[in-house]
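The structure file structure29.tsv is reproduced below (TSV, C-alpha atoms).
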chain	number	residue	atom	x	y	z
C	18	MET	CA	10.14	-8.71	2.17
C	19	ASP	CA	6.88	-9.26	0.30
C	20	PHE	CA	4.78	-6.50	1.84
C	21	LEU	CA	1.79	-7.14	-0.43
C	22	SER	CA	1.57	-10.75	0.77
C	23	LEU	CA	1.62	-9.50	4.36
C	24	ALA	CA	-1.17	-7.03	3.56
C	25	THR	CA	-3.26	-9.84	2.12
C	26	LYS	CA	-2.52	-12.25	4.95
C	27	TYR	CA	-3.52	-9.84	7.71
C	28	LEU	CA	-6.52	-8.26	5.99
C	29	VAL	CA	-9.45	-8.00	8.42
C	30	THR	CA	-12.23	-9.57	6.38
C	31	ASP	CA	-14.99	-8.30	8.70
C	32	LEU	CA	-14.24	-4.76	7.53
C	33	LYS	CA	-15.10	-4.34	3.87
C	34	GLY	CA	-16.74	-1.83	1.60
C	35	LYS	CA	-16.76	1.91	2.17
C	36	TYR	CA	-19.36	2.12	4.92
C	37	ILE	CA	-17.27	1.60	8.07
C	38	HIS	CA	-18.79	2.77	11.36
C	39	LEU	CA	-18.52	2.27	15.11
C	40	ASP	CA	-20.73	-0.82	15.35
C	41	MET	CA	-18.46	-2.58	12.87
C	42	ILE	CA	-15.16	-1.84	14.59
C	43	LEU	CA	-16.14	-2.50	18.22
C	44	PRO	CA	-16.17	-6.34	18.00
C	45	ILE	CA	-12.79	-6.25	16.26
C	46	LEU	CA	-11.33	-3.94	18.88
C	47	ASN	CA	-12.56	-6.34	21.58
C	48	SER	CA	-10.74	-9.19	19.87
C	49	PHE	CA	-7.44	-7.30	20.34
C	50	CYS	CA	-7.89	-6.66	24.07
C	51	ASP	CA	-5.50	-9.40	25.14
C	52	ASP	CA	-2.56	-7.68	23.45
C	53	PHE	CA	-3.44	-3.97	23.20
C	54	GLU	CA	-4.62	-1.38	25.72
C	55	ILE	CA	-8.04	-0.31	24.45
C	56	SER	CA	-10.09	2.34	26.20
C	57	GLU	CA	-12.90	4.79	25.62
C	58	ILE	CA	-11.42	8.27	25.75
C	59	GLY	CA	-14.40	10.46	24.92
C	60	ARG	CA	-17.71	10.94	23.16
C	61	SER	CA	-18.85	12.52	19.94
C	62	VAL	CA	-21.51	15.20	19.53
C	63	ASN	CA	-24.13	12.43	19.44
C	64	GLN	CA	-22.50	10.67	22.40
C	65	LYS	CA	-20.96	7.86	20.39
C	66	SER	CA	-17.86	6.32	21.92
C	67	ILE	CA	-14.38	7.27	20.71
C	68	HIS	CA	-11.64	4.78	21.52
C	69	GLN	CA	-7.89	4.74	21.63
C	70	VAL	CA	-5.68	1.73	21.00
C	71	LYS	CA	-2.28	1.73	22.69
C	72	ILE	CA	0.26	-0.71	21.26
C	73	GLY	CA	3.86	-1.35	22.24
C	74	THR	CA	6.27	-0.10	24.84
C	75	GLY	CA	9.03	1.48	22.76
C	76	LYS	CA	10.73	4.82	23.20
C	77	THR	CA	9.49	6.45	19.97
C	78	LYS	CA	5.89	7.61	20.30
C	79	ILE	CA	3.55	7.74	17.32
C	80	LEU	CA	0.04	9.23	17.38
C	81	ILE	CA	-2.22	7.90	14.59
C	82	TRP	CA	-5.84	8.81	13.86
C	83	SER	CA	-8.20	7.91	11.04
C	84	GLN	CA	-11.67	8.79	9.77
C	85	MET	CA	-11.78	12.32	11.11
C	86	HIS	CA	-13.80	12.67	7.90
C	87	GLY	CA	-16.61	10.17	8.38
C	88	ASN	CA	-16.83	9.09	4.75
C	89	GLU	CA	-13.09	8.39	4.42
C	90	SER	CA	-12.88	4.80	5.57
C	91	THR	CA	-10.09	3.20	3.53
C	92	THR	CA	-7.32	4.17	5.91
C	93	THR	CA	-9.39	2.83	8.83
C	94	LYS	CA	-9.47	-0.55	7.09
C	95	GLY	CA	-5.72	-0.38	6.44
C	96	LEU	CA	-5.10	0.61	10.07
C	97	PHE	CA	-7.10	-2.38	11.34
C	98	ASP	CA	-5.12	-4.66	9.02
C	99	PHE	CA	-2.00	-3.21	10.64
C	100	PHE	CA	-3.51	-3.87	14.09
C	101	ASN	CA	-4.13	-7.46	13.00
C	102	PHE	CA	-0.49	-7.82	12.00
C	103	LEU	CA	0.75	-6.33	15.29
C	104	HIS	CA	-1.56	-8.74	17.14
C	105	SER	CA	0.40	-11.65	15.66
C	106	ASP	CA	3.40	-13.28	17.27
C	107	SER	CA	5.68	-12.65	14.30
C	108	GLU	CA	9.23	-11.53	14.96
C	109	LEU	CA	8.69	-8.30	13.06
C	110	ALA	CA	5.51	-7.41	14.97
C	111	THR	CA	7.31	-8.04	18.25
C	112	LYS	CA	10.21	-5.86	17.16
C	113	ILE	CA	7.94	-2.97	16.20
C	114	LYS	CA	6.12	-3.19	19.54
C	115	SER	CA	9.40	-3.12	21.43
C	116	ASN	CA	10.73	-0.10	19.54
C	117	TYR	CA	7.56	2.01	19.35
C	118	THR	CA	4.60	3.08	21.41
C	119	LEU	CA	1.64	3.62	19.10
C	120	LEU	CA	-1.41	5.52	20.29
C	121	CYS	CA	-4.18	5.17	17.71
C	122	ILE	CA	-7.65	6.66	17.43
C	123	PRO	CA	-9.17	4.48	14.70
C	124	LEU	CA	-12.43	6.39	14.28
C	125	LEU	CA	-12.28	10.00	15.41
C	126	ASN	CA	-15.63	11.01	13.86
C	127	PRO	CA	-18.15	8.23	14.65
C	128	ASP	CA	-21.17	10.44	13.94
C	129	GLY	CA	-19.90	11.32	10.48
C	130	ALA	CA	-19.03	7.67	9.87
C	131	HIS	CA	-22.55	6.56	10.77
C	132	ALA	CA	-24.14	9.23	8.54
C	133	TYR	CA	-21.45	8.78	5.85
C	134	THR	CA	-20.60	12.48	5.82
C	135	ARG	CA	-17.32	14.33	5.77
C	136	GLU	CA	-18.39	16.55	8.68
C	137	ASN	CA	-19.37	15.67	12.23
C	138	ALA	CA	-22.93	15.85	13.61
C	139	ASN	CA	-22.69	19.65	13.87
C	140	ALA	CA	-21.78	19.84	10.15
C	141	VAL	CA	-18.24	20.97	11.03
C	142	ASP	CA	-15.19	19.72	9.15
C	143	LEU	CA	-12.95	18.54	11.98
C	144	ASN	CA	-9.91	19.07	9.79
C	145	ARG	CA	-10.64	22.80	9.79
C	146	ASP	CA	-11.17	23.04	13.56
C	147	ALA	CA	-7.62	22.69	14.85
C	148	VAL	CA	-7.32	26.29	16.06
C	149	ALA	CA	-10.87	27.07	17.14
C	150	GLU	CA	-11.46	23.69	18.84
C	151	THR	CA	-15.22	24.15	18.68
C	152	GLN	CA	-16.02	20.43	18.44
C	153	PRO	CA	-15.66	17.72	21.11
C	154	GLU	CA	-13.86	15.39	18.70
C	155	MET	CA	-11.13	17.95	17.98
C	156	GLN	CA	-10.90	18.88	21.65
C	157	LEU	CA	-10.33	15.20	22.37
C	158	LEU	CA	-7.64	14.79	19.70
C	159	LYS	CA	-5.73	17.81	20.96
C	160	ARG	CA	-6.04	16.68	24.58
C	161	ILE	CA	-4.57	13.29	23.66
C	162	TYR	CA	-1.84	15.00	21.64
C	163	ASN	CA	-0.86	17.22	24.58
C	164	LEU	CA	-0.87	14.33	27.06
C	165	PHE	CA	0.96	11.84	24.83
C	166	LYS	CA	3.53	14.29	23.38
C	167	PRO	CA	4.18	12.19	20.26
C	168	ASP	CA	7.42	12.15	18.32
C	169	PHE	CA	5.43	11.76	15.09
C	170	CYS	CA	1.79	12.06	14.00
C	171	TYR	CA	0.13	10.06	11.21
C	172	ASN	CA	-3.02	11.73	9.85
C	173	LEU	CA	-5.00	9.20	7.75
C	174	HIS	CA	-7.49	10.22	5.03
C	175	ASP	CA	-9.09	9.24	1.71
C	176	GLN	CA	-8.87	11.30	-1.46
C	177	ARG	CA	-11.37	11.40	-4.32
C	178	THR	CA	-11.06	9.52	-7.60
C	179	ILE	CA	-10.36	12.82	-9.39
C	180	PHE	CA	-6.67	12.77	-8.45
C	181	GLY	CA	-3.89	11.51	-10.67
C	182	THR	CA	-0.13	11.92	-10.67
C	183	SER	CA	1.33	14.82	-12.64
C	184	ASP	CA	3.19	13.84	-15.83
C	185	TYR	CA	2.04	10.21	-15.65
C	186	ASN	CA	-1.73	10.52	-16.05
C	187	LEU	CA	-2.34	7.57	-13.74
C	188	PRO	CA	-4.60	7.41	-10.67
C	189	ALA	CA	-2.98	8.57	-7.43
C	190	THR	CA	-3.59	5.43	-5.40
C	191	ILE	CA	-1.67	6.74	-2.41
C	192	SER	CA	-0.63	10.33	-1.76
C	193	PHE	CA	1.54	11.76	0.98
C	194	LEU	CA	2.26	15.15	2.46
C	195	ALA	CA	4.68	16.59	4.96
C	196	PRO	CA	2.41	19.55	5.84
C	197	ALA	CA	3.67	23.10	5.88
C	198	PHE	CA	4.15	24.99	9.13
C	199	ASP	CA	4.16	28.47	7.62
C	200	SER	CA	2.64	30.31	4.66
C	201	ALA	CA	5.96	30.27	2.82
C	202	CYS	CA	5.93	26.44	2.91
C	203	THR	CA	9.54	26.35	4.06
C	204	TYR	CA	11.23	23.26	5.49
C	205	ASN	CA	12.49	23.08	9.06
C	206	THR	CA	13.80	20.05	10.96
C	207	SER	CA	10.33	18.75	11.83
C	208	ARG	CA	9.07	18.96	8.28
C	209	LEU	CA	12.20	17.27	6.96
C	210	LYS	CA	11.72	14.44	9.47
C	211	ALA	CA	8.20	13.93	8.12
C	212	ALA	CA	9.52	14.01	4.55
C	213	GLU	CA	12.12	11.37	5.42
C	214	VAL	CA	9.42	9.01	6.68
C	215	ILE	CA	7.43	9.63	3.50
C	216	ASN	CA	10.50	8.89	1.38
C	217	THR	CA	10.79	5.55	3.15
C	218	MET	CA	7.14	4.73	2.47
C	219	PHE	CA	7.55	5.80	-1.16
C	220	GLU	CA	10.64	3.63	-1.63
C	221	VAL	CA	8.78	0.53	-0.47
C	222	LEU	CA	5.47	1.28	-2.24
C	223	ASN	CA	6.86	2.39	-5.60
C	224	PRO	CA	7.55	-1.11	-6.98
C	225	TYR	CA	3.92	-2.02	-6.27
C	226	LEU	CA	2.50	1.30	-7.57
C	227	PRO	CA	4.89	2.69	-10.17
C	228	ASN	CA	3.95	6.29	-11.01
C	229	GLN	CA	0.77	6.02	-8.93
C	230	ILE	CA	2.03	7.70	-5.76
C	231	GLY	CA	1.40	11.42	-5.39
C	232	ARG	CA	2.47	14.34	-3.25
C	233	PHE	CA	-0.49	16.29	-1.89
C	234	ASP	CA	-0.80	20.07	-2.17
C	235	ASP	CA	1.04	21.78	0.71
C	236	SER	CA	-0.80	25.11	0.84
C	237	PHE	CA	-0.65	26.22	4.46
C	238	ASN	CA	-3.82	26.39	6.53
C	239	LEU	CA	-3.33	26.67	10.28
C	240	ASN	CA	-6.87	25.36	10.85
C	241	CYS	CA	-5.89	22.00	9.34
C	242	THR	CA	-4.77	19.47	11.91
C	243	GLY	CA	-1.53	18.43	10.26
C	244	ASP	CA	-0.43	22.01	9.62
C	245	PHE	CA	-1.28	22.94	13.21
C	246	PHE	CA	0.69	20.06	14.72
C	247	MET	CA	3.61	20.98	12.47
C	248	THR	CA	3.55	24.49	13.98
C	249	GLN	CA	3.90	22.80	17.38
C	250	GLY	CA	7.11	21.13	16.22
C	251	THR	CA	5.74	17.60	15.71
C	252	PRO	CA	6.62	15.90	12.40
C	253	THR	CA	3.27	14.95	10.87
C	254	ILE	CA	2.66	12.63	7.92
C	255	LEU	CA	-0.55	12.88	5.89
C	256	ILE	CA	-1.56	9.65	4.12
C	257	GLU	CA	-4.34	9.84	1.52
C	258	ALA	CA	-5.80	6.60	0.13
C	259	GLY	CA	-6.95	6.96	-3.47
C	260	HIS	CA	-8.24	5.05	-6.47
C	261	PHE	CA	-6.75	1.84	-7.86
C	262	ASP	CA	-7.97	0.43	-11.16
C	263	SER	CA	-11.66	-0.59	-10.73
C	264	ASP	CA	-11.41	-0.74	-6.95
C	265	TYR	CA	-14.26	1.59	-5.98
C	266	ASN	CA	-14.75	-0.16	-2.63
C	267	ARG	CA	-10.99	0.28	-2.06
C	268	GLU	CA	-10.23	-3.25	-1.00
C	269	GLU	CA	-6.93	-3.06	-2.89
C	270	SER	CA	-6.12	0.49	-1.83
C	271	ARG	CA	-6.34	-0.54	1.83
C	272	LYS	CA	-3.43	-2.93	1.24
C	273	PHE	CA	-1.22	-0.05	0.18
C	274	VAL	CA	-2.20	1.86	3.32
C	275	PHE	CA	-1.06	-1.18	5.31
C	276	ILE	CA	2.22	-1.24	3.37
C	277	ALA	CA	2.77	2.47	3.96
C	278	LEU	CA	2.28	2.03	7.70
C	279	ILE	CA	4.39	-1.07	8.21
C	280	SER	CA	7.20	0.11	5.93
C	281	SER	CA	7.77	3.25	7.98
C	282	PHE	CA	8.44	1.22	11.10
C	283	VAL	CA	10.42	-1.55	9.43
C	284	LYS	CA	12.77	0.79	7.62
C	285	GLN	CA	13.32	2.92	10.71
C	286	ASN	CA	14.11	-0.25	12.61
C	287	GLU	CA	16.71	-1.03	9.99
C	288	ASN	CA	18.25	2.40	10.58
C	289	VAL	CA	18.03	3.34	6.92
C	290	VAL	CA	19.20	6.94	6.49
C	291	VAL	CA	18.07	8.70	3.31
C	292	ASP	CA	20.44	11.28	1.86
C	293	ASN	CA	19.10	14.37	0.20
C	294	VAL	CA	15.77	14.11	1.98
C	295	LEU	CA	14.16	17.17	0.43
C	296	THR	CA	15.37	16.37	-3.10
C	297	ASN	CA	13.93	12.88	-2.92
C	298	TYR	CA	10.67	14.08	-1.39
C	299	LEU	CA	10.14	16.69	-4.10
C	300	ARG	CA	10.69	14.02	-6.77
C	301	ILE	CA	7.39	12.43	-5.76
C	302	PRO	CA	4.97	13.66	-8.45
C	303	GLN	CA	2.36	16.14	-7.33
C	304	ASN	CA	-1.31	15.28	-7.22
C	305	ASN	CA	-3.22	16.57	-10.22
C	306	LYS	CA	-7.01	16.87	-10.55
C	307	CYS	CA	-7.12	15.22	-13.95
C	308	PHE	CA	-9.58	12.30	-13.67
C	309	PHE	CA	-13.28	11.65	-13.93
C	310	ASP	CA	-14.93	8.31	-13.29
C	311	PHE	CA	-16.33	8.34	-16.85
C	312	ILE	CA	-15.49	10.26	-20.00
C	313	TYR	CA	-17.54	10.01	-23.18
C	314	ARG	CA	-15.70	11.29	-26.24
C	315	ASN	CA	-16.85	12.23	-29.73
C	316	VAL	CA	-20.52	12.57	-28.84
C	317	LYS	CA	-22.90	14.17	-31.34
C	318	ILE	CA	-25.39	16.59	-29.76
C	319	ILE	CA	-28.02	18.99	-31.08
C	320	ASP	CA	-27.71	22.41	-29.45
C	321	ASN	CA	-30.24	25.03	-30.64
C	322	ASN	CA	-30.83	22.97	-33.79
C	323	VAL	CA	-27.09	22.86	-34.51
C	324	GLU	CA	-25.21	19.53	-34.56
C	325	LYS	CA	-21.93	19.52	-32.63
C	326	ILE	CA	-19.34	16.98	-31.50
C	327	ILE	CA	-18.47	17.24	-27.81
C	328	ASN	CA	-16.96	15.32	-24.91
C	329	PHE	CA	-18.56	15.04	-21.50
C	330	ALA	CA	-17.78	13.44	-18.15
C	331	ALA	CA	-19.64	11.83	-15.29
C	332	GLN	CA	-18.60	11.40	-11.69
C	333	TYR	CA	-19.90	9.04	-9.04
C	334	GLN	CA	-21.69	10.45	-6.03
C	335	GLU	CA	-21.64	8.10	-3.06
C	336	VAL	CA	-25.07	7.83	-1.43
C	337	LEU	CA	-25.92	5.93	1.75
C	338	ILE	CA	-29.08	3.89	1.17
C	339	ALA	CA	-30.23	1.21	3.64
C	340	ASP	CA	-26.76	0.86	5.21
C	341	LYS	CA	-25.11	0.44	1.83
C	342	ILE	CA	-23.14	2.87	-0.30
C	343	GLU	CA	-24.64	3.28	-3.75
C	344	PHE	CA	-22.50	4.79	-6.52
C	345	VAL	CA	-24.64	7.16	-8.58
C	346	ALA	CA	-23.06	8.51	-11.79
C	347	ILE	CA	-23.88	12.19	-12.38
C	348	ILE	CA	-22.98	14.21	-15.49
C	349	SER	CA	-20.46	16.71	-14.19
C	350	LYS	CA	-18.59	18.44	-17.03
C	351	ILE	CA	-19.09	19.23	-20.71
C	352	SER	CA	-16.00	20.51	-22.55
C	353	ASP	CA	-13.18	19.32	-24.77
C	354	LEU	CA	-11.67	17.47	-21.75
C	355	ASP	CA	-8.32	17.36	-23.55
C	356	ASN	CA	-6.37	17.42	-20.29
C	357	TYR	CA	-8.57	14.93	-18.47
C	358	PHE	CA	-8.74	11.16	-18.29
C	359	GLY	CA	-11.50	8.76	-17.40
C	360	HIS	CA	-11.15	5.73	-15.21
C	361	ILE	CA	-13.53	4.38	-17.84
C	362	GLU	CA	-13.66	6.00	-21.29
C	363	TYR	CA	-15.98	5.47	-24.25
C	364	ASP	CA	-15.52	6.61	-27.83
C	365	CYS	CA	-19.04	7.33	-29.11
C	366	GLU	CA	-17.83	7.71	-32.71
C	367	SER	CA	-19.81	10.87	-33.48
C	368	GLN	CA	-23.14	9.20	-32.78
C	369	LEU	CA	-26.13	11.06	-31.36
C	370	PHE	CA	-26.78	11.52	-27.63
C	371	SER	CA	-30.36	11.06	-26.44
C	372	SER	CA	-31.93	11.23	-22.99
C	373	GLU	CA	-35.66	11.68	-22.33
C	374	GLY	CA	-36.14	13.27	-25.72
C	375	LYS	CA	-33.21	15.66	-25.37
C	376	HIS	CA	-30.10	15.51	-27.51
C	377	ILE	CA	-27.72	17.37	-25.19
C	378	PRO	CA	-26.41	16.21	-21.79
C	379	GLU	CA	-27.22	18.27	-18.71
C	380	ILE	CA	-24.85	18.80	-15.80
C	381	GLY	CA	-26.25	17.46	-12.54
C	382	VAL	CA	-28.41	14.80	-14.21
C	383	LYS	CA	-27.91	11.05	-13.78
C	384	ALA	CA	-25.73	9.53	-16.49
C	385	THR	CA	-28.38	7.29	-18.02
C	386	PHE	CA	-28.80	7.84	-21.77
C	387	TYR	CA	-28.67	6.39	-25.27
C	388	ILE	CA	-26.10	6.86	-28.00
C	389	ASN	CA	-27.71	6.61	-31.47
C	390	ASN	CA	-30.63	4.71	-29.89
C	391	SER	CA	-28.53	1.55	-30.10
C	392	MET	CA	-26.10	1.89	-27.18
C	393	PHE	CA	-27.67	2.20	-23.74
C	394	PHE	CA	-25.71	3.61	-20.81
C	395	HIS	CA	-27.12	3.07	-17.33
C	396	ASN	CA	-25.56	4.79	-14.32
C	397	GLY	CA	-22.55	5.69	-16.43
C	398	ILE	CA	-21.83	2.19	-17.75
C	399	LYS	CA	-22.53	0.85	-21.22
C	400	ILE	CA	-25.13	-1.93	-20.93
C	401	ILE	CA	-25.83	-2.69	-24.61
Just dump the structure as structure tokens.
Amino acid sequence: MDFLSLATKYLVTDLKGKYIHLDMILPILNSFCDDFEISEIGRSVNQKSIHQVKIGTGKTKILIWSQMHGNESTTTKGLFDFFNFLHSDSELATKIKSNYTLLCIPLLNPDGAHAYTRENANAVDLNRDAVAETQPEMQLLKRIYNLFKPDFCYNLHDQRTIFGTSDYNLPATISFLAPAFDSACTYNTSRLKAAEVINTMFEVLNPYLPNQIGRFDDSFNLNCTGDFFMTQGTPTILIEAGHFDSDYNREESRKFVFIALISSFVKQNENVVVDNVLTNYLRIPQNNKCFFDFIYRNVKIIDNNVEKIINFAAQYQEVLIADKIEFVAIISKISDLDNYFGHIEYDCESQLFSSEGKHIPEIGVKATFYINNSMFFHNGIKII
């Protein structure tokens, strides 16, 4: 099966870019009403609607939520592409709907999505509120969880461009985690069930993303939603959408989210049983914080009247301006950077750095500068 062609065919073109919020998804949800059960299930801090989408009538129950971090929208796009596929009359979509009941909350944090912030309107990270339940959005998620009693949970997120795959030095375009349920990070039946689903996703995705699939850090934190649900005995799968090539708006990454989702249901329908679940899961390379958006190597600077050759890096900050996400490159590290890689790298060939009369880069300053007064870099990118 050509999963990438399916992802392209069912891509919801009305959802694009990184700024995805409630006003954008409501018309699309309404277009699915003839096939899915869609209802408002609660309100955010700022009284924005939170919806659930119920799909299928099958015995196995899956609870899926996305954008509990408001600025992590890629998996929401991939989830809507999956909705679009399930809304079709294809044989495979019909089979999935007959075997599964999916209960999805496609935008758990509408206030954070509107403001393009990780936290909700009370500046609380919902993914650290699983025990305390101080926020209405987390109270809602746990109420739905307790009522629905899912067999599996899918927790959908984005990860930053800093992550690569250990030993391969490639961007981690998709990362997975079967969260821990205890501080020793041991494996019980529930965690192994989650790992088996991840192995299935990995098997399907790997030909499309060789060496670009990571395994997220499993340090235990009971306040995190996935870890908490694991302590309740529910196999939970964390999916993190990451960077792919030059795809900063993550229009390609969303396709791999779609493939991850659909592959888990297709392979389970085919009754594929994976031997040595834990061994295969641990073979997925770990995430490694080894990337910057830009690295500039072999740069001459003048520090206290002494010439030196250094390397420095810049990282994009994502800023919401007039309902559009602007990528602003900020100088973020000055060191040898021997163990780091840039999504874009420049060799400055020992030529002199210059910015506003200074010959040394400053951390926290926009990456707009000259090299040898002949090469101009604007917002991180070489212009001339």
So what do you get for atom CA of C:Thr253 versus atom CA of C:Phe169, distance-wise?
5.7 Å
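Proximity ranking of C:Asp235, C:Asp98, C:Glu335, C:Asp146 relative to C:Ala24 places C:Asp98 first, based on all atoms listed in the file.
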Residues within 9 Å of (-25.6, 6.1, -11.0), file coordinates, counting all atoms listed in the file: what are they? Give the list as a count of residues only.
15
Atom CA of C:Thr251 and atom CA of C:Leu194, how far apart in Å?
13.9 Å
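With distances restricted to only C-alpha atoms, C:Lys94 is the closest residue to C:Thr30 from C:Lys399, C:His376, C:Arg208, C:Lys94.
Compared by their closest atoms to C:Met18, and using only C-alpha atoms, the residues C:Leu354, C:Ser280, C:Pro227, C:Gly359 rank with C:Ser280 nearest.
The space separating atom CA of C:His131 from atom CA of C:Ser66 comes to 12.1 Å.
With all atoms listed in the file as the basis for measurement, C:Phe275 is the residue among C:Phe275, C:Tyr162, C:Phe97, C:Phe245 that approaches C:Leu23 most closely.
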Contacts of stretch 360-369 of chain C at 6 Å or less, counting only C-alpha atoms, minus same-chain residues fewer than 2 places along, as a VMD selection string?
chain C and resid 310 to 318 388 to 389
Find the residues near C:Glu154: any atom within 10 Å, counting only C-alpha atoms, skip ones fewer than 5 places away on the same chain, and give them as a JSON list (two decimals) with C-alpha atoms, keeping the file's coordinate frame.
[["chain", "number", "residue", "atom", "x", "y", "z"],
["C", 59, "GLY", "CA", -14.40, 10.46, 24.92],
["C", 60, "ARG", "CA", -17.71, 10.94, 23.16],
["C", 61, "SER", "CA", -18.85, 12.52, 19.94],
["C", 62, "VAL", "CA", -21.51, 15.20, 19.53],
["C", 67, "ILE", "CA", -14.38, 7.27, 20.71],
["C", 85, "MET", "CA", -11.78, 12.32, 11.11],
["C", 125, "LEU", "CA", -12.28, 10.00, 15.41],
["C", 126, "ASN", "CA", -15.63, 11.01, 13.86],
["C", 127, "PRO", "CA", -18.15, 8.23, 14.65],
["C", 137, "ASN", "CA", -19.37, 15.67, 12.23],
["C", 143, "LEU", "CA", -12.95, 18.54, 11.98],
["C", 146, "ASP", "CA", -11.17, 23.04, 13.56],
["C", 159, "LYS", "CA", -5.73, 17.81, 20.96],
["C", 160, "ARG", "CA", -6.04, 16.68, 24.58]]
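Each of C:Lys26, C:Lys114, C:His86, C:Lys65 was compared to C:Gln176 using all atoms listed in the file, and C:His86 turns out to be the nearest.
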Mind rebuilding stretch 98-112 of chain C with N, CA, C and O atoms and writing that out as a short mmCIF file (atom, residue, chain, number, x, y, z; two decimals), in the coordinates of the input?
data_model
loop_
_atom_site.label_atom_id
_atom_site.label_comp_id
_atom_site.auth_asym_id
_atom_site.auth_seq_id
_atom_site.Cartn_x
_atom_site.Cartn_y
_atom_site.Cartn_z
N ASP C 98 -5.99 -3.60 9.54
CA ASP C 98 -5.12 -4.66 9.02
C ASP C 98 -3.76 -4.60 9.70
O ASP C 98 -3.17 -5.64 10.04
N PHE C 99 -3.27 -3.39 9.93
CA PHE C 99 -2.00 -3.21 10.64
C PHE C 99 -2.13 -3.67 12.09
O PHE C 99 -1.22 -4.32 12.63
N PHE C 100 -3.26 -3.34 12.75
CA PHE C 100 -3.51 -3.87 14.09
C PHE C 100 -3.44 -5.40 14.09
O PHE C 100 -2.86 -6.02 14.99
N ASN C 101 -4.08 -6.00 13.09
CA ASN C 101 -4.13 -7.46 13.00
C ASN C 101 -2.73 -8.05 12.89
O ASN C 101 -2.41 -9.07 13.51
N PHE C 102 -1.88 -7.39 12.11
CA PHE C 102 -0.49 -7.82 12.00
C PHE C 102 0.23 -7.69 13.34
O PHE C 102 0.93 -8.61 13.79
N LEU C 103 0.06 -6.54 14.01
CA LEU C 103 0.75 -6.33 15.29
C LEU C 103 0.23 -7.28 16.37
O LEU C 103 0.92 -7.53 17.37
N HIS C 104 -0.98 -7.79 16.19
CA HIS C 104 -1.56 -8.74 17.14
C HIS C 104 -0.96 -10.14 16.97
O HIS C 104 -1.17 -11.01 17.82
N SER C 105 -0.22 -10.34 15.90
CA SER C 105 0.40 -11.65 15.66
C SER C 105 1.65 -11.81 16.51
O SER C 105 2.11 -10.87 17.16
N ASP C 106 2.18 -13.00 16.50
CA ASP C 106 3.40 -13.28 17.27
C ASP C 106 4.63 -13.31 16.38
O ASP C 106 5.65 -13.89 16.73
N SER C 107 4.54 -12.65 15.21
CA SER C 107 5.68 -12.65 14.30
C SER C 107 6.85 -11.86 14.91
O SER C 107 6.67 -10.97 15.73
N GLU C 108 8.02 -12.19 14.46
CA GLU C 108 9.23 -11.53 14.96
C GLU C 108 9.20 -10.04 14.65
O GLU C 108 9.58 -9.20 15.48
N LEU C 109 8.73 -9.70 13.45
CA LEU C 109 8.69 -8.30 13.06
C LEU C 109 7.69 -7.52 13.89
O LEU C 109 7.96 -6.40 14.33
N ALA C 110 6.51 -8.09 14.13
CA ALA C 110 5.51 -7.41 14.97
C ALA C 110 6.05 -7.17 16.37
O ALA C 110 5.87 -6.08 16.95
N THR C 111 6.72 -8.16 16.91
CA THR C 111 7.31 -8.04 18.25
C THR C 111 8.37 -6.94 18.28
O THR C 111 8.44 -6.15 19.24
N LYS C 112 9.15 -6.87 17.23
CA LYS C 112 10.21 -5.86 17.16
C LYS C 112 9.62 -4.45 17.10
O LYS C 112 10.10 -3.53 17.78
#
